[in-house]
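Enquirer: This one is entry33.tsv, TSV, C-alpha atoms and all ligand atoms.
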chain	number	residue	atom	x	y	z
A	359	MET	CA	2.22	-4.99	-31.20
A	360	GLU	CA	-0.61	-7.12	-32.54
A	361	ASP	CA	1.56	-10.20	-31.88
A	362	ILE	CA	1.62	-9.91	-28.09
A	363	LYS	CA	-2.04	-10.94	-28.17
A	364	LYS	CA	-1.05	-14.15	-29.94
A	365	ILE	CA	1.38	-15.24	-27.24
A	366	LEU	CA	-0.46	-13.86	-24.20
A	367	HIS	CA	-4.04	-15.06	-24.39
A	368	GLY	CA	-6.48	-12.98	-22.38
A	369	ILE	CA	-4.40	-9.80	-22.59
A	370	LYS	CA	-6.56	-6.67	-22.91
A	371	GLU	CA	-5.72	-3.42	-24.64
A	372	ASN	CA	-6.42	0.18	-23.55
A	373	VAL	CA	-7.84	-0.60	-20.13
A	374	LEU	CA	-8.96	2.32	-17.99
A	375	MET	CA	-6.99	2.12	-14.75
A	376	ALA	CA	-9.56	4.23	-12.88
A	377	GLY	CA	-11.56	1.00	-12.75
A	378	HIS	CA	-8.67	-0.85	-11.10
A	379	THR	CA	-7.77	1.59	-8.32
A	380	THR	CA	-9.54	2.49	-5.08
A	381	PHE	CA	-8.86	6.18	-5.95
A	382	LYS	CA	-11.02	5.69	-9.08
A	383	ILE	CA	-8.49	7.83	-10.94
A	384	GLY	CA	-6.13	7.13	-13.83
A	385	GLY	CA	-5.90	6.87	-17.61
A	386	GLN	CA	-5.56	3.80	-19.79
A	387	ALA	CA	-2.98	1.05	-19.53
A	388	LYS	CA	-1.78	0.13	-23.01
A	389	PHE	CA	-2.04	-3.55	-22.03
A	390	PHE	CA	-3.59	-5.33	-19.05
A	391	PHE	CA	-3.26	-8.98	-18.09
A	392	GLY	CA	-4.69	-10.93	-15.16
A	393	ALA	CA	-2.21	-13.65	-14.13
A	394	LYS	CA	-4.18	-16.45	-12.50
A	395	ASN	CA	-1.10	-18.49	-11.59
A	396	GLN	CA	2.70	-18.41	-11.49
A	397	LYS	CA	2.97	-19.76	-15.03
A	398	GLY	CA	0.76	-16.91	-16.32
A	399	LEU	CA	2.88	-14.37	-14.47
A	400	ILE	CA	6.11	-15.69	-15.98
A	401	LYS	CA	4.53	-15.81	-19.44
A	402	ALA	CA	3.44	-12.18	-19.11
A	403	ILE	CA	6.87	-11.05	-17.93
A	404	LYS	CA	8.53	-12.91	-20.83
A	405	ALA	CA	6.08	-11.30	-23.28
A	406	ALA	CA	6.78	-7.84	-21.90
A	407	LYS	CA	10.51	-8.43	-22.26
A	408	LEU	CA	10.09	-9.77	-25.80
A	409	PHE	CA	8.12	-6.72	-26.90
A	410	ASN	CA	10.31	-4.34	-24.94
A	411	LEU	CA	7.40	-3.13	-22.85
A	412	PRO	CA	7.72	-1.81	-19.29
A	413	PHE	CA	5.48	-3.72	-16.90
A	414	PHE	CA	3.91	-3.11	-13.51
A	415	ILE	CA	2.66	-5.63	-10.94
A	416	LEU	CA	-0.77	-4.68	-9.61
A	417	GLY	CA	-2.46	-5.95	-6.47
A	418	SER	CA	-5.81	-4.34	-5.59
A	419	GLY	CA	-4.75	-0.85	-6.68
A	420	SER	CA	-5.34	0.63	-3.22
A	421	ASN	CA	-1.98	2.34	-2.88
A	422	ILE	CA	-1.36	3.73	-6.36
A	423	LEU	CA	-1.90	6.92	-8.28
A	424	VAL	CA	-2.00	6.38	-12.04
A	425	SER	CA	-1.24	9.23	-14.45
A	426	ASP	CA	-4.16	10.81	-16.34
A	427	LYS	CA	-2.19	9.90	-19.47
A	428	GLY	CA	-2.19	6.27	-18.43
A	429	TYR	CA	0.65	3.77	-18.67
A	430	LYS	CA	2.39	2.82	-21.91
A	431	GLY	CA	3.26	-0.67	-20.75
A	432	LEU	CA	1.73	-3.89	-19.49
A	433	VAL	CA	-0.08	-3.98	-16.15
A	434	ILE	CA	0.02	-7.49	-14.69
A	435	LYS	CA	-2.57	-8.10	-12.01
A	436	PHE	CA	-1.30	-11.00	-9.93
A	437	GLN	CA	-4.45	-12.82	-8.91
A	438	VAL	CA	-3.25	-15.92	-7.06
A	439	SER	CA	-5.44	-15.82	-3.98
A	440	SER	CA	-5.46	-19.33	-2.56
A	441	PHE	CA	-4.32	-19.89	1.00
A	442	LYS	CA	-4.08	-22.66	3.58
A	443	PHE	CA	-3.35	-23.02	7.26
A	444	GLN	CA	-0.63	-25.21	8.71
A	445	LYS	CA	-1.01	-25.13	12.49
A	446	ASN	CA	-0.32	-21.48	13.38
A	447	LYS	CA	1.00	-20.58	9.92
A	448	ILE	CA	-0.87	-19.26	6.85
A	449	ILE	CA	0.57	-19.91	3.42
A	450	ALA	CA	-1.06	-17.44	1.03
A	451	GLY	CA	-0.76	-16.54	-2.64
A	452	ALA	CA	0.36	-12.92	-3.03
A	453	GLY	CA	-2.99	-11.89	-4.49
A	454	THR	CA	-4.95	-12.93	-1.38
A	455	LYS	CA	-6.89	-10.06	0.16
A	456	LEU	CA	-5.79	-9.07	3.66
A	457	ARG	CA	-9.47	-8.93	4.57
A	458	GLU	CA	-9.81	-12.65	3.89
A	459	LEU	CA	-6.78	-13.48	6.01
A	460	VAL	CA	-8.06	-11.37	8.91
A	461	ASN	CA	-11.44	-13.15	8.80
A	462	THR	CA	-10.17	-16.70	8.48
A	463	SER	CA	-7.39	-16.36	11.04
A	464	THR	CA	-10.01	-15.08	13.49
A	465	ASP	CA	-12.08	-18.21	12.84
A	466	LYS	CA	-8.99	-20.30	13.57
A	467	GLU	CA	-8.39	-18.35	16.79
A	468	LEU	CA	-5.08	-17.00	15.51
A	469	THR	CA	-3.92	-13.52	16.45
A	470	GLY	CA	-1.52	-11.11	14.73
A	471	LEU	CA	-3.49	-9.56	11.88
A	472	GLU	CA	-6.21	-7.65	13.75
A	473	TRP	CA	-4.61	-4.31	12.83
A	474	ALA	CA	-5.13	-5.07	9.12
A	475	VAL	CA	-8.93	-4.92	9.31
A	476	GLY	CA	-10.20	-2.36	6.81
A	477	ILE	CA	-7.06	-2.31	4.63
A	478	PRO	CA	-8.33	-3.01	1.11
A	479	GLY	CA	-5.11	-4.55	-0.29
A	480	THR	CA	-3.46	-7.88	-1.08
A	481	VAL	CA	-0.98	-9.63	1.16
A	482	GLY	CA	1.76	-9.44	-1.52
A	483	ALA	CA	1.56	-5.67	-1.70
A	484	ALA	CA	1.31	-5.50	2.09
A	485	VAL	CA	4.69	-7.23	2.35
A	486	TYR	CA	6.12	-5.06	-0.45
A	487	GLY	CA	5.22	-1.87	1.46
A	488	ASN	CA	5.47	-3.33	4.99
A	489	VAL	CA	1.94	-2.10	5.46
A	490	GLY	CA	0.85	-1.43	9.01
A	491	ALA	CA	-1.50	0.30	11.41
A	492	PHE	CA	-2.05	0.76	15.15
A	493	GLY	CA	1.63	0.17	15.93
A	494	SER	CA	1.89	-3.18	14.10
A	495	SER	CA	2.99	-4.10	10.60
A	496	MET	CA	3.49	-7.05	8.25
A	497	ALA	CA	7.07	-7.41	9.51
A	498	ASP	CA	5.68	-8.67	12.84
A	499	SER	CA	4.02	-11.72	11.26
A	500	VAL	CA	6.05	-12.63	8.17
A	501	HIS	CA	7.82	-15.97	8.50
A	502	SER	CA	9.14	-16.13	4.93
A	503	ILE	CA	8.42	-15.05	1.36
A	504	LYS	CA	8.77	-16.66	-2.05
A	505	ALA	CA	9.61	-14.18	-4.79
A	506	LEU	CA	10.43	-14.31	-8.48
A	507	ASP	CA	13.51	-12.50	-9.76
A	508	ILE	CA	12.29	-10.83	-12.94
A	509	LYS	CA	15.79	-10.76	-14.46
A	510	THR	CA	16.67	-14.44	-14.01
A	511	LEU	CA	13.09	-15.77	-13.60
A	512	LYS	CA	14.38	-17.82	-10.66
A	513	ILE	CA	12.41	-18.20	-7.44
A	514	LYS	CA	14.06	-17.34	-4.13
A	515	THR	CA	12.92	-17.71	-0.53
A	516	PHE	CA	13.45	-14.78	1.83
A	517	SER	CA	13.46	-15.13	5.61
A	518	ASN	CA	11.88	-12.33	7.66
A	519	LYS	CA	15.36	-10.86	8.20
A	520	GLU	CA	16.19	-11.01	4.50
A	521	CYS	CA	13.01	-9.02	3.74
A	522	ARG	CA	14.81	-6.02	5.36
A	523	PHE	CA	11.60	-4.45	6.60
A	524	GLY	CA	11.66	-0.76	7.44
A	525	ASN	CA	9.22	2.15	7.71
A	526	LYS	CA	6.70	1.22	4.97
A	527	SER	CA	9.54	-0.46	3.15
A	528	SER	CA	11.16	-3.81	2.34
A	529	VAL	CA	13.84	-5.32	0.14
A	530	PHE	CA	11.13	-5.86	-2.50
A	531	LYS	CA	10.32	-2.15	-2.62
A	532	LYS	CA	13.98	-1.15	-2.65
A	533	LYS	CA	15.23	-3.59	-5.29
A	534	LYS	CA	12.24	-3.51	-7.66
A	535	ASN	CA	13.34	-6.69	-9.46
A	536	LEU	CA	11.29	-9.09	-7.34
A	537	VAL	CA	7.68	-10.16	-7.61
A	538	ILE	CA	6.25	-11.66	-4.44
A	539	LEU	CA	4.59	-14.99	-5.23
A	540	SER	CA	3.55	-16.26	-1.83
A	541	VAL	CA	3.77	-15.36	1.80
A	542	ILE	CA	4.04	-17.46	4.96
A	543	LEU	CA	2.70	-15.71	8.04
A	544	GLU	CA	3.23	-16.97	11.56
A	545	LEU	CA	0.47	-16.18	14.05
A	546	LYS	CA	-0.23	-17.01	17.69
A	547	LYS	CA	-3.17	-18.65	19.47
A	548	ARG	CA	-5.65	-16.32	21.15
A	549	ASP	CA	-9.22	-16.47	22.34
A	550	LYS	CA	-11.61	-15.72	19.46
A	551	GLU	CA	-13.68	-13.25	21.45
A	552	GLU	CA	-10.56	-11.28	22.35
A	553	ILE	CA	-9.55	-11.14	18.68
A	554	GLN	CA	-13.04	-10.01	17.66
A	555	LYS	CA	-13.04	-7.28	20.32
A	556	GLU	CA	-9.71	-5.95	19.06
A	557	ILE	CA	-10.91	-6.03	15.44
A	558	LYS	CA	-14.05	-4.11	16.38
A	559	ARG	CA	-11.98	-1.52	18.21
A	560	PHE	CA	-9.75	-0.95	15.15
A	561	SER	CA	-12.66	-1.03	12.75
A	562	ASP	CA	-14.62	1.53	14.80
A	563	TYR	CA	-11.54	3.75	14.93
A	564	ARG	CA	-11.27	3.68	11.14
A	565	LYS	CA	-14.96	4.50	10.71
A	566	ARG	CA	-14.65	7.43	13.10
A	567	ASN	CA	-11.38	8.84	11.77
A	568	HIS	CA	-11.02	7.93	8.10
A	569	PRO	CA	-13.01	9.36	5.16
A	570	LEU	CA	-14.32	5.97	4.05
A	571	ASN	CA	-17.28	7.36	2.09
A	572	PHE	CA	-15.02	8.75	-0.68
A	573	PRO	CA	-12.56	6.95	-3.00
A	574	SER	CA	-8.93	7.35	-1.90
A	575	ALA	CA	-5.63	5.50	-1.75
A	576	GLY	CA	-5.37	5.66	2.03
A	577	CYS	CA	-2.64	7.82	3.55
A	578	VAL	CA	-0.76	9.73	0.87
A	579	PHE	CA	2.43	10.29	2.90
A	580	LYS	CA	4.48	8.25	5.36
A	581	ASN	CA	4.55	9.57	8.90
A	582	TYR	CA	7.80	11.29	9.88
A	583	ALA	CA	9.70	8.64	11.84
A	584	LYS	CA	12.17	10.94	13.66
A	585	LYS	CA	12.11	13.46	16.47
A	586	ILE	CA	11.69	17.21	15.87
A	587	LYS	CA	14.47	19.02	17.74
A	588	ASN	CA	13.88	22.65	16.76
A	589	LYS	CA	13.15	24.46	20.05
A	590	ASN	CA	10.99	27.19	18.48
A	591	LEU	CA	8.77	24.56	16.85
A	592	LEU	CA	8.48	22.58	20.10
A	593	LYS	CA	7.39	25.75	21.90
A	594	LYS	CA	4.93	26.79	19.22
A	595	PHE	CA	3.45	23.29	18.78
A	596	PRO	CA	3.60	21.61	22.22
A	597	GLU	CA	1.97	18.41	20.90
A	598	LEU	CA	5.24	17.71	19.09
A	599	ASN	CA	6.86	16.91	22.47
A	600	GLU	CA	4.35	14.09	22.93
A	601	PHE	CA	4.88	12.80	19.37
A	602	ASN	CA	8.65	12.96	19.90
A	603	LYS	CA	8.35	10.37	22.69
A	604	GLY	CA	7.35	7.78	20.09
A	605	SER	CA	9.68	9.22	17.40
A	606	ARG	CA	6.68	9.44	15.09
A	607	ILE	CA	5.12	12.71	13.95
A	608	PRO	CA	1.75	12.07	12.25
A	609	THR	CA	1.64	13.70	8.84
A	610	SER	CA	-2.08	14.43	9.33
A	611	TYR	CA	-1.14	16.67	12.29
A	612	LEU	CA	1.47	18.55	10.23
A	613	ILE	CA	-0.95	19.08	7.33
A	614	ASP	CA	-3.62	20.30	9.74
A	615	LYS	CA	-1.20	22.79	11.33
A	616	CYS	CA	-0.45	24.16	7.86
A	617	GLY	CA	-4.16	25.00	7.53
A	618	LEU	CA	-4.61	22.71	4.54
A	619	LYS	CA	-7.49	20.53	5.73
A	620	GLY	CA	-10.41	20.76	3.33
A	621	LYS	CA	-8.39	22.35	0.48
A	622	VAL	CA	-9.89	21.45	-2.89
A	623	ILE	CA	-8.33	21.46	-6.36
A	624	GLY	CA	-10.64	20.34	-9.15
A	625	LYS	CA	-12.46	17.37	-7.66
A	626	ALA	CA	-9.64	16.32	-5.31
A	627	LYS	CA	-9.77	17.32	-1.67
A	628	ILE	CA	-7.53	17.10	1.40
A	629	SER	CA	-9.88	15.31	3.76
A	630	GLU	CA	-11.23	17.26	6.71
A	631	LYS	CA	-11.65	14.01	8.63
A	632	HIS	CA	-8.03	12.84	8.18
A	633	ALA	CA	-5.65	15.28	6.54
A	634	ASN	CA	-3.27	12.59	5.25
A	635	PHE	CA	-6.03	11.33	2.96
A	636	ILE	CA	-6.73	13.02	-0.36
A	637	VAL	CA	-10.21	12.05	-1.51
A	638	ASN	CA	-11.83	11.92	-4.92
A	639	LEU	CA	-15.05	13.93	-4.76
A	640	GLY	CA	-16.09	12.38	-8.10
A	641	GLY	CA	-14.20	12.79	-11.37
A	642	ALA	CA	-10.90	13.95	-9.81
A	643	LYS	CA	-7.86	14.00	-12.09
A	644	THR	CA	-4.39	12.81	-11.16
A	645	LYS	CA	-3.09	16.30	-11.92
A	646	ASP	CA	-5.40	17.71	-9.20
A	647	VAL	CA	-4.07	15.21	-6.67
A	648	VAL	CA	-0.48	15.93	-7.70
A	649	LYS	CA	-1.02	19.67	-7.24
A	650	LEU	CA	-2.34	19.08	-3.71
A	651	ILE	CA	0.64	16.80	-2.96
A	652	LYS	CA	3.06	19.53	-4.12
A	653	ILE	CA	1.35	22.17	-1.97
A	654	ILE	CA	1.42	19.93	1.11
A	655	LYS	CA	5.11	19.11	0.63
A	656	LYS	CA	6.06	22.75	0.11
A	657	LYS	CA	4.11	24.07	3.13
A	658	ILE	CA	5.40	21.37	5.47
A	659	LYS	CA	8.97	21.94	4.35
A	660	GLU	CA	8.58	25.69	4.97
A	661	LYS	CA	6.88	25.39	8.35
A	662	PHE	CA	8.50	22.31	9.89
A	663	GLY	CA	11.64	21.74	7.78
A	664	ILE	CA	10.43	18.20	7.01
A	665	GLU	CA	10.70	16.55	3.59
A	666	LEU	CA	7.59	14.39	3.36
A	667	LYS	CA	7.85	11.10	1.51
A	668	GLU	CA	4.92	9.65	-0.38
A	669	GLU	CA	3.49	6.34	0.77
A	670	ILE	CA	1.44	6.00	-2.42
A	671	GLN	CA	3.17	4.65	-5.54
A	672	TYR	CA	2.99	6.52	-8.83
A	673	LEU	CA	2.29	4.71	-12.06
A	674	LYS	CA	3.10	6.82	-15.12
J	1	LIG	C1	-9.32	3.18	2.84
J	1	LIG	C2	-7.88	2.76	2.85
J	1	LIG	C3	-7.26	2.48	4.05
J	1	LIG	C4	-5.92	2.11	4.07
J	1	LIG	N1	-5.32	1.86	5.27
J	1	LIG	C5	-4.01	1.54	5.31
J	1	LIG	C6	-3.36	1.33	6.57
J	1	LIG	O1	-3.96	1.39	7.65
J	1	LIG	N2	-2.03	1.05	6.55
J	1	LIG	C7	-1.32	0.96	5.39
J	1	LIG	O2	-0.11	0.71	5.45
J	1	LIG	N3	-1.92	1.13	4.19
J	1	LIG	C8	-3.23	1.44	4.12
J	1	LIG	N4	-3.84	1.63	2.91
J	1	LIG	C9	-3.04	1.56	1.66
J	1	LIG	C10	-3.14	0.21	0.89
J	1	LIG	O3	-4.38	-0.43	1.10
J	1	LIG	C11	-2.02	-0.73	1.26
J	1	LIG	O4	-0.79	-0.15	0.92
J	1	LIG	C12	-2.17	-2.08	0.54
J	1	LIG	O5	-1.33	-3.05	1.07
J	1	LIG	C13	-1.89	-2.00	-0.96
J	1	LIG	O6	-2.26	-3.25	-1.50
J	1	LIG	P1	-2.74	-3.40	-3.00
J	1	LIG	O7	-2.91	-4.86	-3.25
J	1	LIG	O8	-3.91	-2.56	-3.26
J	1	LIG	O9	-1.46	-2.87	-3.76
J	1	LIG	P2	-1.36	-1.98	-5.09
J	1	LIG	O10	-1.87	-0.62	-4.78
J	1	LIG	O11	-1.96	-2.70	-6.23
J	1	LIG	O12	0.21	-1.92	-5.27
J	1	LIG	C14	1.02	-1.25	-4.32
J	1	LIG	C15	2.49	-1.54	-4.65
J	1	LIG	O13	2.76	-2.91	-4.38
J	1	LIG	C16	3.37	-3.51	-5.52
J	1	LIG	N5	2.96	-4.91	-5.57
J	1	LIG	C17	1.68	-5.39	-5.58
J	1	LIG	N6	1.69	-6.73	-5.59
J	1	LIG	C18	2.99	-7.13	-5.63
J	1	LIG	C19	3.67	-8.38	-5.66
J	1	LIG	N7	3.00	-9.55	-5.67
J	1	LIG	N8	5.02	-8.40	-5.69
J	1	LIG	C20	5.72	-7.24	-5.67
J	1	LIG	N9	5.14	-6.01	-5.65
J	1	LIG	C21	3.80	-5.95	-5.61
J	1	LIG	C22	2.85	-2.70	-6.70
J	1	LIG	O14	3.70	-2.84	-7.83
J	1	LIG	C23	2.84	-1.31	-6.12
J	1	LIG	O15	4.11	-0.72	-6.20
J	1	LIG	C24	-5.19	2.00	2.86
J	1	LIG	C25	-5.84	2.28	1.64
J	1	LIG	C26	-7.17	2.65	1.63
J	1	LIG	C27	-7.83	2.94	0.31
Show me the file's structure as structure tokens.
Expert:
Amino acid sequence: MEDIKKILHGIKENVLMAGHTTFKIGGQAKFFFGAKNQKGLIKAIKAAKLFNLPFFILGSGSNILVSDKGYKGLVIKFQVSSFKFQKNKIIAGAGTKLRELVNTSTDKELTGLEWAVGIPGTVGAAVYGNVGAFGSSMADSVHSIKALDIKTLKIKTFSNKECRFGNKSSVFKKKKNLVILSVILELKKRDKEEIQKEIKRFSDYRKRNHPLNFPSAGCVFKNYAKKIKNKNLLKKFPELNEFNKGSRIPTSYLIDKCGLKGKVIGKAKISEKHANFIVNLGGAKTKDVVKLIKIIKKKIKEKFGIELKEEIQYLK
């Protein structure tokens, strides 16, 4: 394996992934490479193929849980973070931080990304997972996407429709053979003060309701995007009737009703502030988080008959 270093300059070996995730958890990646441009990305993918190594595309590591045993392949951090405005459109490299796009579009008096304030990820990953909050998501602003097919190494453009956005999902997440290179977002004109007011409202909400003083990967599970029809449950938990109106049952509510808020295993804890967050109290292991995830899934299945689906991505 010595030779991969000869063809991929700058590649690092045995890199602790805890340092590359907002959870601050995870063992070593066998290899780690920061791709500063498209050429570097393609070179890394070719090298991984040549040496028969699995590879993983990393953004900011704010939605992943890496095994304690690490990853026996090549982690490629796609770092292209340049962006420009063309009238009401932003053309951004996939590695651009959402935070930066929220700030600069506000300066340009463009609306559409206010909901993304406080999300610590890249725009590429946000498209991949159709990230969203406060009733909006990436799907609302995406004009088109350029992505690399890792099998053919050809670049293809996807229209918003072709991205097949769904509940925290997209064609990129489903197919797994595409790396998002750049994103074109289409925004609308709005008064700057109005935008700033909205951003403050969302930001204050996050501070009040999310456990931001501990490392985490955000919400662990997707919300349940269907209605609950079981009459006994609707009688026992009357709030479900309200949630049913929007066909969206918050997972934090379900976890709370299972009495799991505040449960600790090792140094991992189900947040008391927001039960869909598992937080790292300091030195948590992935196995602790996984145990909590299993308990939550089991209890919610037993009590509500719902199969929860993880929003976080595993890397093992
Ligand atoms: C405090 C906190 C608050 C959060 N709030 C929200 C929220 O309100 N709403 C929400 O939806 N999420 C939220 N998240 C989760 C997370 O920030 C988002 O999912 C974010 O978009 C992930 O971006 P990332 O760059 O960190 O991706 P990573 O965690 O690095 O990767 C996530 C996935 O995207 C894939 N990926 C990354 N880049 C590319 C690319 N260029 N092409 C193809 N695939 C790619 C990765 O392979 C991986 O499968 C929150 C997280 C935290 C820690």
Enquirer: Env of Leu366 (chain A): 12 Å cut, atoms = all atoms listed in the file, seq-sep filter 6 positions within chain, self excluded. Answer as a list in words.
Expert: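 Returned residues: Met359, Glu360, Phe389, Phe390, Phe391, Gly392, Ala393, Lys397, Gly398, Leu399, Ile400, Lys401, Ala402, Ile403, Lys404, Ala405, Ala406, Leu408, Phe409, Leu432 and Ile434 of chain A.
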Enquirer: Name the residues, by chain letter and number, that sit within 6 Å of ligand LIG 1 (chain J) using all atoms listed in the file, and give them as a compact mmCIF listing (two decimals) with C-alpha atoms, in the frame of the given file.
Expert:
# COMPACT_ATOMS: atom_id res chain seq x y z
CA THR A 380 -9.54 2.49 -5.08
CA PHE A 414 3.91 -3.11 -13.51
CA ILE A 415 2.66 -5.63 -10.94
CA LEU A 416 -0.77 -4.68 -9.61
CA GLY A 417 -2.46 -5.95 -6.47
CA SER A 418 -5.81 -4.34 -5.59
CA GLY A 419 -4.75 -0.85 -6.68
CA SER A 420 -5.34 0.63 -3.22
CA ASN A 421 -1.98 2.34 -2.88
CA ILE A 422 -1.36 3.73 -6.36
CA ALA A 452 0.36 -12.92 -3.03
CA ILE A 477 -7.06 -2.31 4.63
CA PRO A 478 -8.33 -3.01 1.11
CA GLY A 479 -5.11 -4.55 -0.29
CA THR A 480 -3.46 -7.88 -1.08
CA GLY A 482 1.76 -9.44 -1.52
CA ALA A 483 1.56 -5.67 -1.70
CA ALA A 484 1.31 -5.50 2.09
CA TYR A 486 6.12 -5.06 -0.45
CA VAL A 489 1.94 -2.10 5.46
CA GLY A 490 0.85 -1.43 9.01
CA ALA A 491 -1.50 0.30 11.41
CA VAL A 537 7.68 -10.16 -7.61
CA ILE A 538 6.25 -11.66 -4.44
CA LEU A 539 4.59 -14.99 -5.23
CA LEU A 570 -14.32 5.97 4.05
CA SER A 574 -8.93 7.35 -1.90
CA ALA A 575 -5.63 5.50 -1.75
CA GLY A 576 -5.37 5.66 2.03
CA GLN A 671 3.17 4.65 -5.54
Enquirer: Smallest atom-to-atom distance to Leu639 (chain A): which of A:Gly431, A:Gly617, A:Gly377, A:Pro573, using all atoms listed in the file?
Expert: A:Pro573
Enquirer: What is the CA of Val373 (chain A)-CA of Lys435 (chain A) distance in Å, reported with one decimal?
Expert: 12.2 Å
Enquirer: When you count all atoms listed in the file, which of these residues is closest to Gly640 (chain A): A:Leu511, A:Ala626, A:Leu598, A:Val438?
Expert: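 That would be A:Ala626, the residue with the smallest distance to Gly640 (chain A).
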Enquirer: Which neighbours of Leu618 (chain A) fall inside 8 Å, counting all atoms listed in the file, when residues of the same chain fewer than 5 positions from it are skipped, and could you give them as a ChimeraX atom specification?
Expert: /A:613,628,633,654
Enquirer: Have a look at A:Asn602, A:Gln386, A:Asn518, A:Thr462 and name the one nearest to Ile586 (chain A); count all atoms listed in the file.
Expert: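 Checking each of A:Asn602, A:Gln386, A:Asn518, A:Thr462 against Ile586 (chain A), counting all atoms listed in the file, the winner is A:Asn602.
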Enquirer: Which one is closest to Phe595 (chain A): A:Lys580, A:Asp498, A:Lys661, A:Phe530? Count all atoms listed in the file.
Expert: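 Answer, going by the shortest atom-to-atom distance: A:Lys661.
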Enquirer: Considering only C-alpha atoms, state which residue in the set A:Glu665, A:Glu600, A:Glu556, A:Glu544 is at the smallest distance from Met496 (chain A).
Expert: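 Ranked by minimum distance to Met496 (chain A), first place goes to A:Glu544.
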